[in-house]
Amino acid sequence: MNFFGKLFGKKEKESLDQGLQKTKENFFTKITKAIAGKSTVDEEVLDQLEEALIGADVGLDTTIEIIKRIEDRVARDKYVNTSELNSILQDEIREMLVVSPENSYKDFSTPAGKKPYVILVVGVNGVGKTTTIGKLAYNFSKAGRNVLLGAADTFRAAAVDQLTIWSERTGVPIVKQPMGSDPGAVAFDTVQSGLARGSDVIIIDTAGRLHNKIYLMEELGKIKRVIQKVIPDAPHEVLLVLDGSTGQNAVEQAKQFTAATDVTALAITKLDGTAKGGVVLAIANQFKIPVKFIGVGEKMEDLLIFDKHEFVDSLFKLEE
């Protein structure tokens with residue numbers, strides 16, 4: 001926590017609190033009603049808590065697991081006061097969240113011996129994939145890393161154009177080819193160029209189509225193979241971007257992409273405009289994949305490092 005506290009300052013905490021405000025208000029309105037006039041956590045309180053968690057899009061399976069953990073705690077401690085419910089809820093949720101074993105992303109550095117560090121970014125169109133790549137490029141650059149972008153989503157002209165705009169805004173170079181080009185060829189050129197330039201980080205965008213999972217698997221598989229011709233252990237990260245405001249639809253997308261490729265980390269966007277912020281818990285718990293970044297706004301600074309302690313504190317801490 002001390003290490004993280006240096007990186008997660010007051011400004012970042014305020015952004016996180018604001019970004020999760022809608023979910024928090026929705027959740028606590030229901031919880032306050034559930035415990036009104038009650039002193040102990042009984043079956044009725046747990047039923048209301050279950051409803052509130054599902055309403056925040058925590059998802060049925062994850063909600064059931066949380067309720068079971070609290071029931072076990074109540075049974076073990078014999079008597080649990082309603083005033084303790086909030087801290088118990090926070091404890092149990094923190095326990096469920098998967099943490100990345102590798103911490104370099106927390107200050108936008110890269111793991112030792114991985115240069116260039118290759119990140120393959122996947123996700124459907126419209127989830128904020130290109131914006132997330134732009135924000136990552138900005139943050140890595142700000143941390144003193146040499147970054148290179150690869151526009152391998154050649155299926156949509158808009159995708160290449162959007163990434164080019166982010167390249168210009170962040171001052172980060174980009175490798176691109178005309179729309180309809182072979183995505184594998186773009187990825188290959190990007191990695192070769194990154195090696196020649198001495199890049200620290202290479203971020204490659206990919207096509208976001210889900211209408212044909214077999215095609216998606218083939219395309220992502222091909223991109224990986226051509227990258228490995230240049231850097232055998234790359235990509236070092238496959239980052240799946242999901243739109244948090246779509247709730248359970250984001251869970252379905254996670255199912256599709258984890259079936260199609262080896263997703264190693266998650267970025268969850270658009271949490272500032274939704275009351276469904278609990279979907280972060282649903283996805284992290286169901287797929288056992290660490291959430292590394294969350295998007296809470298449009299600005300370049302609005303991509304926050306995910307920390308389970310800060311997230312749970314912002315989302316589930318009752319105001320004094």
# chains A, B, ... in the order shown; residues from 1 in each chain; ligands from 1
>>> residues_around(residues="Ile268 of chain A", least_positions_apart="3", cutoff="9 Å", atoms="only C-alpha atoms", output="number ranges by chain")
A: 127-128, 240-244, 271, 280, 291-295
>>> write_last_selection(atoms="all heavy atoms", output="short mmCIF file (atom, residue, chain, number, x, y, z; two decimals), in the first residue's frame")
data_model
loop_
_atom_site.label_atom_id
_atom_site.label_comp_id
_atom_site.auth_asym_id
_atom_site.auth_seq_id
_atom_site.Cartn_x
_atom_site.Cartn_y
_atom_site.Cartn_z
N VAL A 127 -15.73 0.23 -27.69
CA VAL A 127 -15.55 0.10 -26.24
C VAL A 127 -14.54 1.11 -25.68
O VAL A 127 -14.34 1.20 -24.48
CB VAL A 127 -15.09 -1.33 -25.83
CG1 VAL A 127 -16.14 -2.36 -26.16
CG2 VAL A 127 -13.74 -1.69 -26.46
N GLY A 128 -13.91 1.87 -26.57
CA GLY A 128 -12.88 2.81 -26.13
C GLY A 128 -11.48 2.25 -26.27
O GLY A 128 -10.54 2.68 -25.60
N LEU A 240 -7.26 -6.81 -22.91
CA LEU A 240 -8.65 -6.76 -23.39
C LEU A 240 -9.32 -5.51 -22.84
O LEU A 240 -9.36 -5.29 -21.62
CB LEU A 240 -9.41 -8.01 -22.94
CG LEU A 240 -10.92 -8.04 -23.20
CD1 LEU A 240 -11.25 -7.90 -24.68
CD2 LEU A 240 -11.54 -9.31 -22.62
N VAL A 241 -9.85 -4.68 -23.75
CA VAL A 241 -10.56 -3.46 -23.34
C VAL A 241 -12.06 -3.73 -23.38
O VAL A 241 -12.60 -4.23 -24.37
CB VAL A 241 -10.21 -2.27 -24.27
CG1 VAL A 241 -10.95 -1.01 -23.83
CG2 VAL A 241 -8.70 -2.02 -24.30
N LEU A 242 -12.74 -3.42 -22.27
CA LEU A 242 -14.18 -3.63 -22.15
C LEU A 242 -14.86 -2.34 -21.71
O LEU A 242 -14.29 -1.57 -20.93
CB LEU A 242 -14.47 -4.73 -21.11
CG LEU A 242 -13.92 -6.12 -21.42
CD1 LEU A 242 -13.95 -6.98 -20.17
CD2 LEU A 242 -14.72 -6.79 -22.54
N ASP A 243 -16.08 -2.12 -22.20
CA ASP A 243 -16.86 -0.94 -21.84
C ASP A 243 -17.70 -1.27 -20.60
O ASP A 243 -18.66 -2.04 -20.67
CB ASP A 243 -17.76 -0.57 -23.03
CG ASP A 243 -18.69 0.60 -22.76
OD1 ASP A 243 -18.77 1.04 -21.59
OD2 ASP A 243 -19.33 1.08 -23.70
N GLY A 244 -17.32 -0.68 -19.47
CA GLY A 244 -18.02 -0.96 -18.21
C GLY A 244 -19.47 -0.56 -18.22
O GLY A 244 -20.28 -1.13 -17.48
N LEU A 271 -16.43 4.05 -16.93
CA LEU A 271 -17.07 3.82 -15.62
C LEU A 271 -17.68 5.10 -15.05
O LEU A 271 -18.51 5.04 -14.14
CB LEU A 271 -16.06 3.23 -14.63
CG LEU A 271 -15.65 1.78 -14.90
CD1 LEU A 271 -14.52 1.36 -13.98
CD2 LEU A 271 -16.84 0.83 -14.72
N VAL A 280 -16.90 -4.54 -12.93
CA VAL A 280 -15.46 -4.76 -12.76
C VAL A 280 -15.24 -5.99 -11.88
O VAL A 280 -14.39 -6.84 -12.17
CB VAL A 280 -14.78 -3.52 -12.13
CG1 VAL A 280 -13.31 -3.81 -11.81
CG2 VAL A 280 -14.88 -2.32 -13.07
N VAL A 291 -7.42 -6.85 -13.49
CA VAL A 291 -7.76 -5.56 -14.08
C VAL A 291 -6.56 -4.66 -13.83
O VAL A 291 -6.13 -4.51 -12.68
CB VAL A 291 -9.03 -4.96 -13.43
CG1 VAL A 291 -9.35 -3.60 -14.04
CG2 VAL A 291 -10.22 -5.91 -13.58
N LYS A 292 -6.00 -4.08 -14.89
CA LYS A 292 -4.83 -3.20 -14.71
C LYS A 292 -5.18 -1.72 -14.81
O LYS A 292 -4.55 -0.89 -14.17
CB LYS A 292 -3.74 -3.56 -15.73
CG LYS A 292 -3.01 -4.85 -15.38
CD LYS A 292 -1.74 -5.01 -16.20
CE LYS A 292 -0.93 -6.22 -15.73
NZ LYS A 292 0.29 -6.40 -16.54
N PHE A 293 -6.18 -1.41 -15.66
CA PHE A 293 -6.51 0.00 -15.88
C PHE A 293 -8.02 0.19 -15.91
O PHE A 293 -8.75 -0.69 -16.37
CB PHE A 293 -5.93 0.49 -17.22
CG PHE A 293 -4.46 0.22 -17.38
CD1 PHE A 293 -4.02 -0.85 -18.16
CD2 PHE A 293 -3.51 1.00 -16.75
CE1 PHE A 293 -2.67 -1.14 -18.31
CE2 PHE A 293 -2.15 0.72 -16.89
CZ PHE A 293 -1.73 -0.34 -17.68
N ILE A 294 -8.47 1.36 -15.43
CA ILE A 294 -9.89 1.71 -15.58
C ILE A 294 -9.99 3.13 -16.13
O ILE A 294 -9.20 4.01 -15.79
CB ILE A 294 -10.69 1.56 -14.26
CG1 ILE A 294 -10.05 2.33 -13.12
CG2 ILE A 294 -10.88 0.11 -13.89
CD1 ILE A 294 -10.91 2.34 -11.85
N GLY A 295 -10.97 3.32 -17.01
CA GLY A 295 -11.19 4.63 -17.63
C GLY A 295 -12.34 5.33 -16.93
O GLY A 295 -13.42 4.78 -16.79
#
>>> select_by_dssp(residues="segment 196-287 of chain A", states="strand (DSSP E or B)", output="compact mmCIF listing (two decimals) with N, CA and C atoms, in the first residue's frame")
# COMPACT_ATOMS: atom_id res chain seq x y z
N VAL A 201 8.39 0.45 -25.50
CA VAL A 201 7.03 -0.11 -25.49
C VAL A 201 6.44 -0.05 -26.90
N ILE A 202 5.84 -1.16 -27.32
CA ILE A 202 5.11 -1.21 -28.60
C ILE A 202 3.66 -1.58 -28.28
N ILE A 203 2.74 -0.75 -28.73
CA ILE A 203 1.31 -1.02 -28.48
C ILE A 203 0.63 -1.22 -29.84
N ILE A 204 0.05 -2.41 -30.04
CA ILE A 204 -0.54 -2.75 -31.34
C ILE A 204 -2.06 -2.88 -31.21
N ASP A 205 -2.77 -2.11 -32.01
CA ASP A 205 -4.24 -2.18 -32.07
C ASP A 205 -4.63 -3.35 -32.98
N GLU A 237 1.99 -8.85 -23.32
CA GLU A 237 0.69 -8.57 -22.70
C GLU A 237 -0.38 -8.60 -23.78
N VAL A 238 -1.50 -9.28 -23.49
CA VAL A 238 -2.69 -9.17 -24.34
C VAL A 238 -3.75 -8.49 -23.48
N LEU A 239 -3.99 -7.23 -23.78
CA LEU A 239 -4.88 -6.39 -22.97
C LEU A 239 -6.26 -6.32 -23.62
N LEU A 240 -7.26 -6.81 -22.91
CA LEU A 240 -8.65 -6.76 -23.39
C LEU A 240 -9.32 -5.51 -22.84
N VAL A 241 -9.85 -4.68 -23.75
CA VAL A 241 -10.56 -3.46 -23.34
C VAL A 241 -12.06 -3.73 -23.38
N LEU A 242 -12.74 -3.42 -22.27
CA LEU A 242 -14.18 -3.63 -22.15
C LEU A 242 -14.86 -2.34 -21.71
N ASP A 243 -16.08 -2.12 -22.20
CA ASP A 243 -16.86 -0.94 -21.84
C ASP A 243 -17.70 -1.27 -20.60
N ALA A 265 -4.58 -9.37 -19.26
CA ALA A 265 -4.96 -8.23 -18.41
C ALA A 265 -6.20 -7.55 -19.00
N LEU A 266 -6.86 -6.75 -18.16
CA LEU A 266 -8.09 -6.06 -18.57
C LEU A 266 -7.97 -4.56 -18.34
N ALA A 267 -8.60 -3.81 -19.26
CA ALA A 267 -8.81 -2.37 -19.05
C ALA A 267 -10.31 -2.16 -19.19
N ILE A 268 -10.92 -1.55 -18.19
CA ILE A 268 -12.38 -1.35 -18.22
C ILE A 268 -12.66 0.14 -18.28
N THR A 269 -13.38 0.54 -19.35
CA THR A 269 -13.57 1.96 -19.66
C THR A 269 -14.98 2.44 -19.29
>>> residues_around(residues="Ala259 of chain A", least_positions_apart="5", cutoff="12 Å", atoms="only C-alpha atoms", output="PyMOL selection string")
chain A and resi 210+213-214+216-218+220+252-254+287
>>> select_by_dssp(residues="segment 85-286 of chain A", states="helix (DSSP H, G or I)", output="ChimeraX atom specification")
/A:85-96,104-107,129-142,157-170,183-197,213-230,244-246,248-260,271-273,279-286
>>> closest_residue(among="A:Ile88, A:Trp166, A:Ser104, A:Thr154", to="Thr132 of chain A", atoms="only C-alpha atoms")
A:Trp166
>>> decode(residues="segment 84-117 of chain A", atoms="N, CA, C and O atoms", output="PDB file, in the first residue's frame")
ATOM      1  N   GLU A  84     -21.130  -3.129  11.013  1.00  0.00           N
ATOM      2  CA  GLU A  84     -19.915  -3.838  10.574  1.00  0.00           C
ATOM      3  C   GLU A  84     -20.046  -4.370   9.147  1.00  0.00           C
ATOM      4  O   GLU A  84     -19.054  -4.796   8.552  1.00  0.00           O
ATOM      5  N   LEU A  85     -21.275  -4.393   8.642  1.00  0.00           N
ATOM      6  CA  LEU A  85     -21.528  -5.024   7.340  1.00  0.00           C
ATOM      7  C   LEU A  85     -20.669  -4.416   6.236  1.00  0.00           C
ATOM      8  O   LEU A  85     -20.110  -5.134   5.405  1.00  0.00           O
ATOM      9  N   ASN A  86     -20.542  -3.088   6.252  1.00  0.00           N
ATOM     10  CA  ASN A  86     -19.785  -2.423   5.187  1.00  0.00           C
ATOM     11  C   ASN A  86     -18.322  -2.835   5.160  1.00  0.00           C
ATOM     12  O   ASN A  86     -17.759  -3.138   4.107  1.00  0.00           O
ATOM     13  N   SER A  87     -17.687  -2.892   6.331  1.00  0.00           N
ATOM     14  CA  SER A  87     -16.254  -3.263   6.349  1.00  0.00           C
ATOM     15  C   SER A  87     -16.076  -4.746   5.992  1.00  0.00           C
ATOM     16  O   SER A  87     -15.103  -5.112   5.324  1.00  0.00           O
ATOM     17  N   ILE A  88     -17.035  -5.592   6.403  1.00  0.00           N
ATOM     18  CA  ILE A  88     -16.963  -7.015   6.051  1.00  0.00           C
ATOM     19  C   ILE A  88     -17.110  -7.177   4.539  1.00  0.00           C
ATOM     20  O   ILE A  88     -16.381  -7.938   3.898  1.00  0.00           O
ATOM     21  N   LEU A  89     -18.054  -6.433   3.964  1.00  0.00           N
ATOM     22  CA  LEU A  89     -18.281  -6.469   2.514  1.00  0.00           C
ATOM     23  C   LEU A  89     -17.002  -6.083   1.769  1.00  0.00           C
ATOM     24  O   LEU A  89     -16.586  -6.765   0.829  1.00  0.00           O
ATOM     25  N   GLN A  90     -16.344  -5.011   2.231  1.00  0.00           N
ATOM     26  CA  GLN A  90     -15.092  -4.573   1.601  1.00  0.00           C
ATOM     27  C   GLN A  90     -14.009  -5.660   1.697  1.00  0.00           C
ATOM     28  O   GLN A  90     -13.322  -5.946   0.725  1.00  0.00           O
ATOM     29  N   ASP A  91     -13.884  -6.248   2.892  1.00  0.00           N
ATOM     30  CA  ASP A  91     -12.869  -7.294   3.105  1.00  0.00           C
ATOM     31  C   ASP A  91     -13.060  -8.461   2.137  1.00  0.00           C
ATOM     32  O   ASP A  91     -12.108  -8.929   1.501  1.00  0.00           O
ATOM     33  N   GLU A  92     -14.302  -8.935   2.046  1.00  0.00           N
ATOM     34  CA  GLU A  92     -14.589 -10.117   1.231  1.00  0.00           C
ATOM     35  C   GLU A  92     -14.395  -9.835  -0.264  1.00  0.00           C
ATOM     36  O   GLU A  92     -13.905 -10.681  -1.010  1.00  0.00           O
ATOM     37  N   ILE A  93     -14.771  -8.636  -0.695  1.00  0.00           N
ATOM     38  CA  ILE A  93     -14.610  -8.283  -2.120  1.00  0.00           C
ATOM     39  C   ILE A  93     -13.126  -8.144  -2.472  1.00  0.00           C
ATOM     40  O   ILE A  93     -12.684  -8.613  -3.518  1.00  0.00           O
ATOM     41  N   ARG A  94     -12.362  -7.526  -1.586  1.00  0.00           N
ATOM     42  CA  ARG A  94     -10.911  -7.402  -1.828  1.00  0.00           C
ATOM     43  C   ARG A  94     -10.271  -8.778  -1.990  1.00  0.00           C
ATOM     44  O   ARG A  94      -9.408  -8.970  -2.837  1.00  0.00           O
ATOM     45  N   GLU A  95     -10.696  -9.720  -1.169  1.00  0.00           N
ATOM     46  CA  GLU A  95     -10.161 -11.083  -1.228  1.00  0.00           C
ATOM     47  C   GLU A  95     -10.417 -11.740  -2.580  1.00  0.00           C
ATOM     48  O   GLU A  95      -9.648 -12.575  -3.040  1.00  0.00           O
ATOM     49  N   MET A  96     -11.538 -11.377  -3.216  1.00  0.00           N
ATOM     50  CA  MET A  96     -11.938 -12.029  -4.470  1.00  0.00           C
ATOM     51  C   MET A  96     -11.210 -11.484  -5.693  1.00  0.00           C
ATOM     52  O   MET A  96     -11.164 -12.134  -6.724  1.00  0.00           O
ATOM     53  N   LEU A  97     -10.674 -10.276  -5.586  1.00  0.00           N
ATOM     54  CA  LEU A  97     -10.075  -9.644  -6.768  1.00  0.00           C
ATOM     55  C   LEU A  97      -8.660 -10.159  -7.028  1.00  0.00           C
ATOM     56  O   LEU A  97      -7.829 -10.202  -6.123  1.00  0.00           O
ATOM     57  N   VAL A  98      -8.409 -10.521  -8.264  1.00  0.00           N
ATOM     58  CA  VAL A  98      -7.106 -11.051  -8.674  1.00  0.00           C
ATOM     59  C   VAL A  98      -6.114  -9.904  -8.842  1.00  0.00           C
ATOM     60  O   VAL A  98      -6.444  -8.873  -9.416  1.00  0.00           O
ATOM     61  N   VAL A  99      -4.911 -10.097  -8.341  1.00  0.00           N
ATOM     62  CA  VAL A  99      -3.866  -9.074  -8.473  1.00  0.00           C
ATOM     63  C   VAL A  99      -2.819  -9.570  -9.460  1.00  0.00           C
ATOM     64  O   VAL A  99      -2.459 -10.746  -9.453  1.00  0.00           O
ATOM     65  N   SER A 100      -2.342  -8.658 -10.306  1.00  0.00           N
ATOM     66  CA  SER A 100      -1.283  -9.030 -11.243  1.00  0.00           C
ATOM     67  C   SER A 100       0.000  -9.356 -10.469  1.00  0.00           C
ATOM     68  O   SER A 100       0.388  -8.611  -9.567  1.00  0.00           O
ATOM     69  N   PRO A 101       0.663 -10.467 -10.815  1.00  0.00           N
ATOM     70  CA  PRO A 101       1.904 -10.815 -10.111  1.00  0.00           C
ATOM     71  C   PRO A 101       3.053  -9.866 -10.446  1.00  0.00           C
ATOM     72  O   PRO A 101       4.062  -9.824  -9.761  1.00  0.00           O
ATOM     73  N   GLU A 102       2.871  -9.082 -11.490  1.00  0.00           N
ATOM     74  CA  GLU A 102       3.946  -8.215 -11.984  1.00  0.00           C
ATOM     75  C   GLU A 102       3.475  -6.759 -11.837  1.00  0.00           C
ATOM     76  O   GLU A 102       2.404  -6.388 -12.294  1.00  0.00           O
ATOM     77  N   ASN A 103       4.280  -5.931 -11.183  1.00  0.00           N
ATOM     78  CA  ASN A 103       3.823  -4.597 -10.768  1.00  0.00           C
ATOM     79  C   ASN A 103       4.323  -3.420 -11.599  1.00  0.00           C
ATOM     80  O   ASN A 103       4.014  -2.288 -11.276  1.00  0.00           O
ATOM     81  N   SER A 104       5.100  -3.677 -12.660  1.00  0.00           N
ATOM     82  CA  SER A 104       5.735  -2.554 -13.367  1.00  0.00           C
ATOM     83  C   SER A 104       4.713  -1.576 -13.951  1.00  0.00           C
ATOM     84  O   SER A 104       4.976  -0.385 -14.055  1.00  0.00           O
ATOM     85  N   TYR A 105       3.518  -2.086 -14.310  1.00  0.00           N
ATOM     86  CA  TYR A 105       2.502  -1.207 -14.920  1.00  0.00           C
ATOM     87  C   TYR A 105       2.056  -0.094 -13.963  1.00  0.00           C
ATOM     88  O   TYR A 105       1.529   0.929 -14.395  1.00  0.00           O
ATOM     89  N   LYS A 106       2.269  -0.290 -12.666  1.00  0.00           N
ATOM     90  CA  LYS A 106       1.768   0.687 -11.692  1.00  0.00           C
ATOM     91  C   LYS A 106       2.473   2.034 -11.781  1.00  0.00           C
ATOM     92  O   LYS A 106       1.951   3.041 -11.307  1.00  0.00           O
ATOM     93  N   ASP A 107       3.671   2.061 -12.369  1.00  0.00           N
ATOM     94  CA  ASP A 107       4.303   3.360 -12.614  1.00  0.00           C
ATOM     95  C   ASP A 107       4.683   3.501 -14.090  1.00  0.00           C
ATOM     96  O   ASP A 107       5.549   4.284 -14.447  1.00  0.00           O
ATOM     97  N   PHE A 108       3.994   2.737 -14.927  1.00  0.00           N
ATOM     98  CA  PHE A 108       4.212   2.767 -16.387  1.00  0.00           C
ATOM     99  C   PHE A 108       5.687   2.539 -16.755  1.00  0.00           C
ATOM    100  O   PHE A 108       6.238   3.146 -17.660  1.00  0.00           O
ATOM    101  N   SER A 109       6.319   1.638 -15.981  1.00  0.00           N
ATOM    102  CA  SER A 109       7.624   1.129 -16.398  1.00  0.00           C
ATOM    103  C   SER A 109       7.361  -0.209 -17.093  1.00  0.00           C
ATOM    104  O   SER A 109       6.214  -0.551 -17.346  1.00  0.00           O
ATOM    105  N   THR A 110       8.406  -0.948 -17.419  1.00  0.00           N
ATOM    106  CA  THR A 110       8.216  -2.246 -18.086  1.00  0.00           C
ATOM    107  C   THR A 110       9.030  -3.307 -17.351  1.00  0.00           C
ATOM    108  O   THR A 110      10.015  -2.988 -16.677  1.00  0.00           O
ATOM    109  N   PRO A 111       8.634  -4.579 -17.466  1.00  0.00           N
ATOM    110  CA  PRO A 111       9.366  -5.632 -16.769  1.00  0.00           C
ATOM    111  C   PRO A 111      10.814  -5.727 -17.243  1.00  0.00           C
ATOM    112  O   PRO A 111      11.103  -5.495 -18.424  1.00  0.00           O
ATOM    113  N   ALA A 112      11.692  -6.073 -16.341  1.00  0.00           N
ATOM    114  CA  ALA A 112      13.118  -6.203 -16.680  1.00  0.00           C
ATOM    115  C   ALA A 112      13.321  -7.242 -17.779  1.00  0.00           C
ATOM    116  O   ALA A 112      12.676  -8.288 -17.793  1.00  0.00           O
ATOM    117  N   GLY A 113      14.191  -6.906 -18.718  1.00  0.00           N
ATOM    118  CA  GLY A 113      14.541  -7.847 -19.789  1.00  0.00           C
ATOM    119  C   GLY A 113      13.532  -7.929 -20.913  1.00  0.00           C
ATOM    120  O   GLY A 113      13.671  -8.757 -21.815  1.00  0.00           O
ATOM    121  N   LYS A 114      12.496  -7.084 -20.882  1.00  0.00           N
ATOM    122  CA  LYS A 114      11.473  -7.083 -21.941  1.00  0.00           C
ATOM    123  C   LYS A 114      11.552  -5.757 -22.703  1.00  0.00           C
ATOM    124  O   LYS A 114      10.835  -4.808 -22.407  1.00  0.00           O
ATOM    125  N   LYS A 115      12.476  -5.677 -23.634  1.00  0.00           N
ATOM    126  CA  LYS A 115      12.594  -4.474 -24.454  1.00  0.00           C
ATOM    127  C   LYS A 115      12.789  -4.864 -25.913  1.00  0.00           C
ATOM    128  O   LYS A 115      13.743  -5.565 -26.211  1.00  0.00           O
ATOM    129  N   PRO A 116      11.878  -4.439 -26.759  1.00  0.00           N
ATOM    130  CA  PRO A 116      10.657  -3.683 -26.441  1.00  0.00           C
ATOM    131  C   PRO A 116       9.587  -4.564 -25.795  1.00  0.00           C
ATOM    132  O   PRO A 116       9.510  -5.768 -26.075  1.00  0.00           O
ATOM    133  N   TYR A 117       8.791  -3.927 -24.937  1.00  0.00           N
ATOM    134  CA  TYR A 117       7.669  -4.596 -24.279  1.00  0.00           C
ATOM    135  C   TYR A 117       6.462  -4.465 -25.206  1.00  0.00           C
ATOM    136  O   TYR A 117       6.023  -3.360 -25.502  1.00  0.00           O
TER     137      TYR A 117
END
